[in-house]
$ cat work_39.txt   # compact mmCIF, C-alpha atoms
# COMPACT_ATOMS: atom_id res chain seq x y z
CA MET A 12 -23.18 -1.80 -4.13
CA LEU A 13 -20.18 -0.56 -6.13
CA SER A 14 -21.08 3.10 -5.78
CA PHE A 15 -21.69 2.55 -2.06
CA LEU A 16 -18.25 0.93 -1.74
CA THR A 17 -16.32 3.55 -3.70
CA ASP A 18 -17.99 6.41 -1.86
CA MET A 19 -17.36 4.79 1.52
CA ILE A 20 -13.72 3.94 0.85
CA THR A 21 -12.87 7.42 -0.46
CA ARG A 22 -14.44 8.96 2.63
CA ALA A 23 -12.40 6.56 4.77
CA GLY A 24 -9.29 7.66 2.88
CA ASP A 25 -10.13 11.28 3.59
CA ILE A 26 -10.05 10.45 7.30
CA CYS A 27 -6.56 9.01 6.85
CA LEU A 28 -5.34 12.13 5.05
CA ALA A 29 -6.85 14.43 7.66
CA GLU A 30 -5.28 12.59 10.59
CA GLN A 31 -1.90 11.43 9.25
CA GLU A 32 0.11 14.60 9.84
CA GLY A 33 -1.14 15.04 13.38
CA LEU A 34 -0.22 11.58 14.64
CA THR A 35 2.08 11.30 17.65
CA THR A 36 3.38 8.40 19.71
CA ASP A 37 0.40 8.97 22.01
CA ASP A 38 -1.78 7.70 19.14
CA LEU A 39 0.09 4.38 18.96
CA ALA A 40 -0.60 0.95 20.41
CA PHE A 41 1.22 -2.31 19.70
CA LYS A 42 -0.13 -5.75 18.80
CA ASN A 43 3.40 -7.02 19.39
CA ARG A 44 6.82 -5.40 19.63
CA LYS A 45 6.92 -4.49 15.91
CA ASP A 46 3.28 -4.55 14.80
CA LEU A 47 1.72 -1.18 15.54
CA VAL A 48 -1.79 0.21 15.30
CA THR A 49 -2.83 3.86 15.36
CA ALA A 50 -5.91 5.64 16.62
CA THR A 51 -6.72 6.33 12.96
CA ASP A 52 -6.86 2.59 12.16
CA LYS A 53 -9.60 2.27 14.76
CA HIS A 54 -11.33 5.49 13.71
CA VAL A 55 -11.44 4.43 10.05
CA GLU A 56 -12.70 0.93 10.82
CA THR A 57 -15.42 2.31 13.09
CA PHE A 58 -16.55 4.63 10.29
CA ILE A 59 -16.65 1.80 7.73
CA VAL A 60 -18.50 -0.57 10.06
CA GLN A 61 -21.09 2.08 10.86
CA GLN A 62 -21.65 2.76 7.15
CA ILE A 63 -22.16 -0.92 6.37
CA GLN A 64 -24.41 -1.56 9.35
CA SER A 65 -26.55 1.42 8.43
CA ARG A 66 -26.96 0.36 4.79
CA PHE A 67 -26.85 -3.44 5.09
CA PRO A 68 -27.76 -4.37 8.68
CA SER A 69 -28.00 -8.10 7.94
CA HIS A 70 -24.49 -8.37 6.45
CA GLY A 71 -21.56 -9.87 8.32
CA ILE A 72 -18.37 -7.89 8.92
CA LEU A 73 -14.77 -9.00 9.43
CA GLY A 74 -12.48 -6.15 10.43
CA GLU A 75 -8.81 -6.23 11.33
CA GLU A 76 -9.36 -4.21 14.49
CA THR A 77 -12.86 -5.23 15.58
CA GLY A 78 -13.01 -8.88 14.51
CA ARG A 79 -16.09 -10.61 13.15
CA SER A 80 -19.74 -9.81 13.72
CA ARG A 81 -23.02 -11.22 12.40
CA THR A 82 -21.63 -14.62 11.42
CA SER A 83 -24.83 -15.82 9.75
CA GLY A 84 -25.90 -14.83 6.25
CA GLU A 85 -24.30 -15.05 2.83
CA PHE A 86 -22.68 -11.59 2.68
CA LEU A 87 -19.45 -10.71 4.50
CA TRP A 88 -17.56 -7.42 4.31
CA ILE A 89 -13.79 -7.77 4.87
CA ILE A 90 -12.04 -4.62 6.06
CA ASP A 91 -8.45 -3.51 6.52
CA PRO A 92 -8.79 0.12 7.61
CA ILE A 93 -5.13 0.96 6.95
CA ASP A 94 -2.94 -1.61 5.25
CA GLY A 95 0.57 -0.30 5.71
CA THR A 96 0.16 1.29 9.13
CA THR A 97 3.93 1.66 9.61
CA SER A 98 4.16 3.69 6.40
CA PHE A 99 1.12 5.68 7.47
CA PHE A 100 2.59 6.55 10.86
CA HIS A 101 5.95 7.51 9.34
CA GLY A 102 4.35 9.96 6.93
CA GLN A 103 4.88 7.84 3.83
CA PRO A 104 2.29 7.49 1.02
CA TYR A 105 2.29 3.70 0.57
CA TYR A 106 -0.72 2.71 2.60
CA ALA A 107 -4.31 1.96 1.65
CA VAL A 108 -7.82 1.30 2.84
CA SER A 109 -8.92 -2.14 1.62
CA ILE A 110 -12.52 -3.40 1.56
CA ALA A 111 -13.96 -6.53 -0.06
CA LEU A 112 -17.39 -8.14 -0.14
CA GLU A 113 -17.90 -11.88 -0.12
CA LYS A 114 -21.09 -13.62 -1.15
CA ALA A 115 -21.26 -17.26 -0.10
CA ASP A 116 -17.44 -17.33 0.34
CA ASP A 117 -16.82 -15.86 -3.13
CA ILE A 118 -15.29 -12.37 -3.37
CA ILE A 119 -17.63 -10.37 -5.62
CA LEU A 120 -16.56 -6.79 -4.96
CA GLY A 121 -13.35 -5.15 -3.83
CA ALA A 122 -11.66 -1.77 -3.59
CA VAL A 123 -8.25 -0.51 -2.55
CA PHE A 124 -7.81 3.23 -2.05
CA ALA A 125 -4.37 4.76 -1.58
CA PRO A 126 -5.42 8.29 -0.59
CA ALA A 127 -1.95 9.87 -0.44
CA LEU A 128 -1.35 8.63 -3.99
CA GLY A 129 -4.80 9.56 -5.29
CA GLN A 130 -5.32 6.00 -6.58
CA LEU A 131 -8.67 4.23 -6.29
CA PHE A 132 -8.69 0.63 -7.50
CA TYR A 133 -11.92 -1.35 -7.68
CA ALA A 134 -13.28 -4.52 -9.23
CA GLN A 135 -16.53 -6.46 -9.58
CA LYS A 136 -16.66 -10.18 -10.19
CA ASP A 137 -16.76 -10.86 -13.96
CA ARG A 138 -16.79 -7.12 -14.76
CA GLY A 139 -13.11 -6.22 -14.78
CA ALA A 140 -10.79 -4.11 -12.64
CA PHE A 141 -10.25 -0.36 -12.75
CA LEU A 142 -7.90 2.37 -11.54
CA ASN A 143 -9.56 5.79 -11.26
CA ASP A 144 -12.28 4.57 -13.67
CA LYS A 145 -9.79 3.33 -16.30
CA ARG A 146 -9.77 -0.39 -17.00
CA ILE A 147 -6.53 -2.14 -16.00
CA GLN A 148 -4.78 -5.41 -16.73
CA VAL A 149 -1.73 -7.28 -15.51
CA SER A 150 1.59 -6.92 -17.30
CA GLU A 151 2.64 -9.10 -20.22
CA THR A 152 6.14 -9.67 -18.86
CA ALA A 153 7.09 -13.28 -19.51
CA ASN A 154 10.65 -13.58 -18.16
CA PHE A 155 11.99 -13.35 -14.63
CA THR A 156 14.93 -11.22 -15.76
CA ASP A 157 12.51 -8.58 -17.06
CA ALA A 158 10.27 -8.60 -13.99
CA VAL A 159 9.91 -6.09 -11.17
CA MET A 160 8.24 -7.70 -8.17
CA ALA A 161 7.32 -6.88 -4.60
CA THR A 162 7.20 -8.73 -1.32
CA GLY A 163 6.80 -8.05 2.38
CA PHE A 164 7.87 -9.25 5.78
CA ALA A 165 4.83 -9.72 7.98
CA CYS A 166 6.62 -12.90 9.08
CA LEU A 167 9.44 -10.86 10.64
CA ARG A 168 7.04 -8.52 12.43
CA ALA A 169 5.41 -11.62 13.90
CA GLY A 170 8.81 -13.00 14.95
CA HIS A 171 8.49 -16.28 13.05
CA GLU A 172 11.64 -18.35 12.70
CA HIS A 173 10.45 -19.67 9.32
CA ASN A 174 10.34 -16.47 7.31
CA ASN A 175 10.57 -14.85 3.89
CA LEU A 176 14.28 -14.07 3.91
CA GLU A 177 15.26 -17.40 2.36
CA HIS A 178 12.78 -16.88 -0.48
CA PHE A 179 13.86 -13.26 -0.88
CA ASN A 180 17.53 -14.18 -1.24
CA ARG A 181 16.71 -16.86 -3.80
CA ILE A 182 14.32 -14.82 -5.94
CA VAL A 183 15.66 -11.26 -6.01
CA PRO A 184 18.94 -12.02 -7.88
CA ARG A 185 16.84 -13.48 -10.71
CA LEU A 186 14.67 -10.37 -11.13
CA ARG A 187 15.24 -7.02 -12.78
CA ASP A 188 14.42 -5.34 -9.46
CA ILE A 189 12.39 -5.52 -6.27
CA ARG A 190 10.09 -3.05 -4.52
CA ARG A 191 9.08 -2.89 -0.86
CA CYS A 192 6.11 -0.62 -0.22
CA GLY A 193 4.90 -2.16 3.03
CA SER A 194 1.29 -2.68 1.98
CA ALA A 195 0.07 -5.97 0.50
CA ALA A 196 -3.08 -4.21 -0.67
CA VAL A 197 -1.06 -1.69 -2.69
CA ASP A 198 1.27 -4.42 -3.99
CA LEU A 199 -1.65 -6.50 -5.26
CA ALA A 200 -3.29 -3.46 -6.82
CA TYR A 201 -0.02 -2.63 -8.57
CA VAL A 202 0.19 -6.18 -9.93
CA ALA A 203 -3.35 -5.76 -11.22
CA CYS A 204 -2.47 -2.61 -13.18
CA GLY A 205 0.96 -3.76 -14.38
CA LYS A 206 3.03 -1.40 -12.26
CA LEU A 207 4.47 -4.59 -10.72
CA ASP A 208 4.90 -7.91 -12.48
CA GLY A 209 4.48 -10.09 -9.41
CA PHE A 210 4.08 -10.30 -5.65
CA TRP A 211 4.60 -12.91 -2.95
CA GLU A 212 4.33 -12.87 0.82
CA MET A 213 3.67 -15.14 3.79
CA ASN A 214 1.91 -14.76 7.15
CA LEU A 215 -0.79 -12.46 5.84
CA ASN A 216 -4.46 -12.40 6.83
CA ILE A 217 -7.50 -12.41 4.57
CA TYR A 218 -8.27 -8.76 5.32
CA ASP A 219 -4.82 -7.82 3.95
CA VAL A 220 -5.49 -9.38 0.56
CA ALA A 221 -9.21 -9.98 -0.09
CA ALA A 222 -9.80 -6.90 -2.24
CA GLY A 223 -6.43 -7.28 -3.97
CA ILE A 224 -7.17 -10.87 -4.93
CA LEU A 225 -10.23 -9.76 -6.87
CA LEU A 226 -8.32 -6.90 -8.49
CA VAL A 227 -5.63 -9.24 -9.80
CA THR A 228 -7.96 -11.94 -11.08
CA GLU A 229 -10.32 -9.44 -12.73
CA ALA A 230 -7.28 -7.82 -14.37
CA GLY A 231 -6.40 -11.15 -15.98
CA GLY A 232 -3.85 -12.33 -13.44
CA MET A 233 -3.37 -15.43 -11.34
CA VAL A 234 -3.44 -15.78 -7.55
CA CYS A 235 -2.30 -18.94 -5.78
CA ASP A 236 -0.48 -20.15 -2.69
CA PHE A 237 3.20 -21.06 -2.45
CA HIS A 238 2.40 -24.55 -3.80
CA GLY A 239 0.29 -23.39 -6.73
CA GLY A 240 -2.94 -24.21 -4.89
CA LEU A 241 -5.80 -22.17 -3.49
CA LEU A 242 -4.98 -22.15 0.23
CA PHE A 243 -4.05 -18.48 0.31
CA PRO A 244 -3.12 -16.57 2.34
CA GLU A 245 -2.74 -19.42 4.86
CA ASN A 246 -0.04 -21.11 2.75
CA GLY A 247 1.40 -17.87 1.44
CA ILE A 248 0.17 -15.84 -1.51
CA VAL A 249 1.52 -15.36 -5.03
CA ALA A 250 0.10 -12.94 -7.60
CA ALA A 251 1.34 -12.38 -11.14
CA ASN A 252 0.33 -12.91 -14.74
CA HIS A 253 -0.18 -16.47 -15.93
CA ALA A 254 3.34 -16.72 -17.34
CA LEU A 255 5.22 -15.53 -14.25
CA ALA A 256 3.12 -17.03 -11.45
CA PRO A 257 4.25 -20.64 -12.04
CA MET A 258 7.88 -19.48 -12.27
CA LEU A 259 7.54 -17.63 -9.00
CA VAL A 260 5.98 -20.67 -7.33
CA SER A 261 8.88 -22.84 -8.53
CA HIS A 262 11.27 -20.68 -6.50
CA LEU A 263 9.14 -20.87 -3.34
CA VAL A 264 8.86 -24.63 -2.82
$ encode --input "work_39.txt" --output "structure tokens"
Amino acid sequence: MLSFLTDMITRAGDICLAEQEGLTTDDLAFKNRKDLVTATDKHVETFIVQQIQSRFPSHGILGEETGRSRTSGEFLWIIDPIDGTTSFFHGQPYYAVSIALEKADDIILGAVFAPALGQLFYAQKDRGAFLNDKRIQVSETANFTDAVMATGFACLRAGHEHNNLEHFNRIVPRLRDIRRCGSAAVDLAYVACGKLDGFWEMNLNIYDVAAGILLVTEAGGMVCDFHGGLLFPENGIVAANHALAPMLVSHLV
């Protein structure tokens, strides 16, 4: 299944690269005033769904754009065709295709491909995490003052009154620096390979983070919710190494 996944996700990324430069406002639709979707999002998801249905017709699928199909069975593919659509539409490189596979509610396979960056992350349960076929691990940073972290603002796009700004203002002055790429999938992948020391965000969906969760845990990191529990992403999501994650949680409650 891994070779099937990596081949499929790189082909999906090729679609993104081929279509990004030609996008116009005619290719846009809006889920709400700030949350956009492009024709390429739908094109990529259709491609991925067709590939899965052709190879594994009994498997369930949960896609950001097409919803859930085939609800019975133990296998479920979780798809975000373009995580970071705003970056994608604006010609920026920080977007990714994200695909995970659950077996009996346990994520066993995941990949995040950032085609404009040439970075393919993948992981198998109990077999480690990799970037372009090189094994990766989370950073060893143990102090907040030495940490570079990332976050996002899906809560603001959704117009929620309770949002991430309070957390942002509390946490950022304690860090070395902050990054804002606009893709939770990329942020989690970067935590997994040590390019970032930590990540937190609220108001995400499982398709935003499923593959990234496996990447971080297989790279030796910790994933939890804003209370240190396992109700993520519903109660927010935190990802870091085992030293920083509890510190990050302590600033979120």
$ residues_around --input "work_39.txt" --residues "region 22-25 of chain A" --least-positions-apart "4" --cutoff "8 Å" --atoms "all atoms listed in the file" --output "list in words"
Asp18, Ala29, Val55, Phe58, Ile59, Pro92, Ala107, Val108, Phe124, Ala125 and Pro126 of chain A
$ residues_near_point --input "work_39.txt" --point "(-25.0, -7.0, 7.9)" --cutoff "10 Å" --atoms "all atoms listed in the file" --output "ChimeraX atom specification"
/A:60,63-72,80-88
$ atom_distance --input "work_39.txt" --atom1 "CA of Ala115 (chain A)" --atom2 "CA of Tyr133 (chain A)"
19.9 Å
$ residues_near_point --input "work_39.txt" --point "(0.9, -3.4, -10.2)" --cutoff "12 Å" --atoms "only C-alpha atoms" --output "MDAnalysis selection string"
chainID A and resid 130 132 140:142 147:152 158:161 190 192 195:210 223 226:227 230 232 250:252
$ atom_distance --input "work_39.txt" --atom1 "CA of Met233 (chain A)" --atom2 "CA of Ile248 (chain A)"
10.5 Å
$ closest_residue --input "work_39.txt" --among "A:Trp211, A:Ala221, A:Met258, A:Arg181" --to "Asp117 (chain A)" --atoms "all atoms listed in the file"
A:Ala221
$ residues_around --input "work_39.txt" --residues "region 175-179 of chain A" --least-positions-apart "2" --cutoff "7 Å" --atoms "all atoms listed in the file" --output "ChimeraX atom specification"
/A:164,166,181-183,213,263
$ decode --input "work_39.txt" --residues "region 142-157 of chain A" --atoms "N, CA and C atoms" --output "compact mmCIF listing (two decimals), in the first residue's frame"
# COMPACT_ATOMS: atom_id res chain seq x y z
N LEU A 142 11.41 11.61 4.84
CA LEU A 142 11.33 12.73 3.91
C LEU A 142 12.21 12.40 2.72
N ASN A 143 11.59 12.27 1.54
CA ASN A 143 12.34 11.90 0.33
C ASN A 143 13.26 10.71 0.58
N ASP A 144 12.69 9.70 1.24
CA ASP A 144 13.33 8.39 1.51
C ASP A 144 14.42 8.45 2.58
N LYS A 145 14.58 9.58 3.26
CA LYS A 145 15.53 9.67 4.36
C LYS A 145 14.75 9.72 5.67
N ARG A 146 15.14 8.86 6.61
CA ARG A 146 14.43 8.78 7.88
C ARG A 146 14.53 10.12 8.64
N ILE A 147 13.44 10.51 9.28
CA ILE A 147 13.40 11.79 9.99
C ILE A 147 13.00 11.59 11.44
N GLN A 148 13.30 12.60 12.25
CA GLN A 148 12.87 12.59 13.64
C GLN A 148 12.64 14.02 14.11
N VAL A 149 11.85 14.14 15.17
CA VAL A 149 11.55 15.46 15.71
C VAL A 149 12.80 16.08 16.32
N SER A 150 12.76 17.38 16.55
CA SER A 150 13.91 18.07 17.11
C SER A 150 14.14 17.67 18.56
N GLU A 151 15.32 18.00 19.06
CA GLU A 151 15.66 17.74 20.46
C GLU A 151 15.58 19.00 21.31
N THR A 152 15.03 20.07 20.75
CA THR A 152 14.90 21.33 21.49
C THR A 152 14.09 21.12 22.76
N ALA A 153 14.63 21.61 23.88
CA ALA A 153 13.99 21.34 25.17
C ALA A 153 13.49 22.60 25.88
N ASN A 154 13.78 23.78 25.32
CA ASN A 154 13.39 25.02 25.97
C ASN A 154 12.55 25.89 25.03
N PHE A 155 11.55 26.54 25.59
CA PHE A 155 10.70 27.41 24.80
C PHE A 155 11.50 28.52 24.11
N THR A 156 12.47 29.07 24.81
CA THR A 156 13.23 30.20 24.27
C THR A 156 14.08 29.81 23.07
N ASP A 157 14.32 28.51 22.90
CA ASP A 157 15.09 28.02 21.76
C ASP A 157 14.21 27.51 20.63
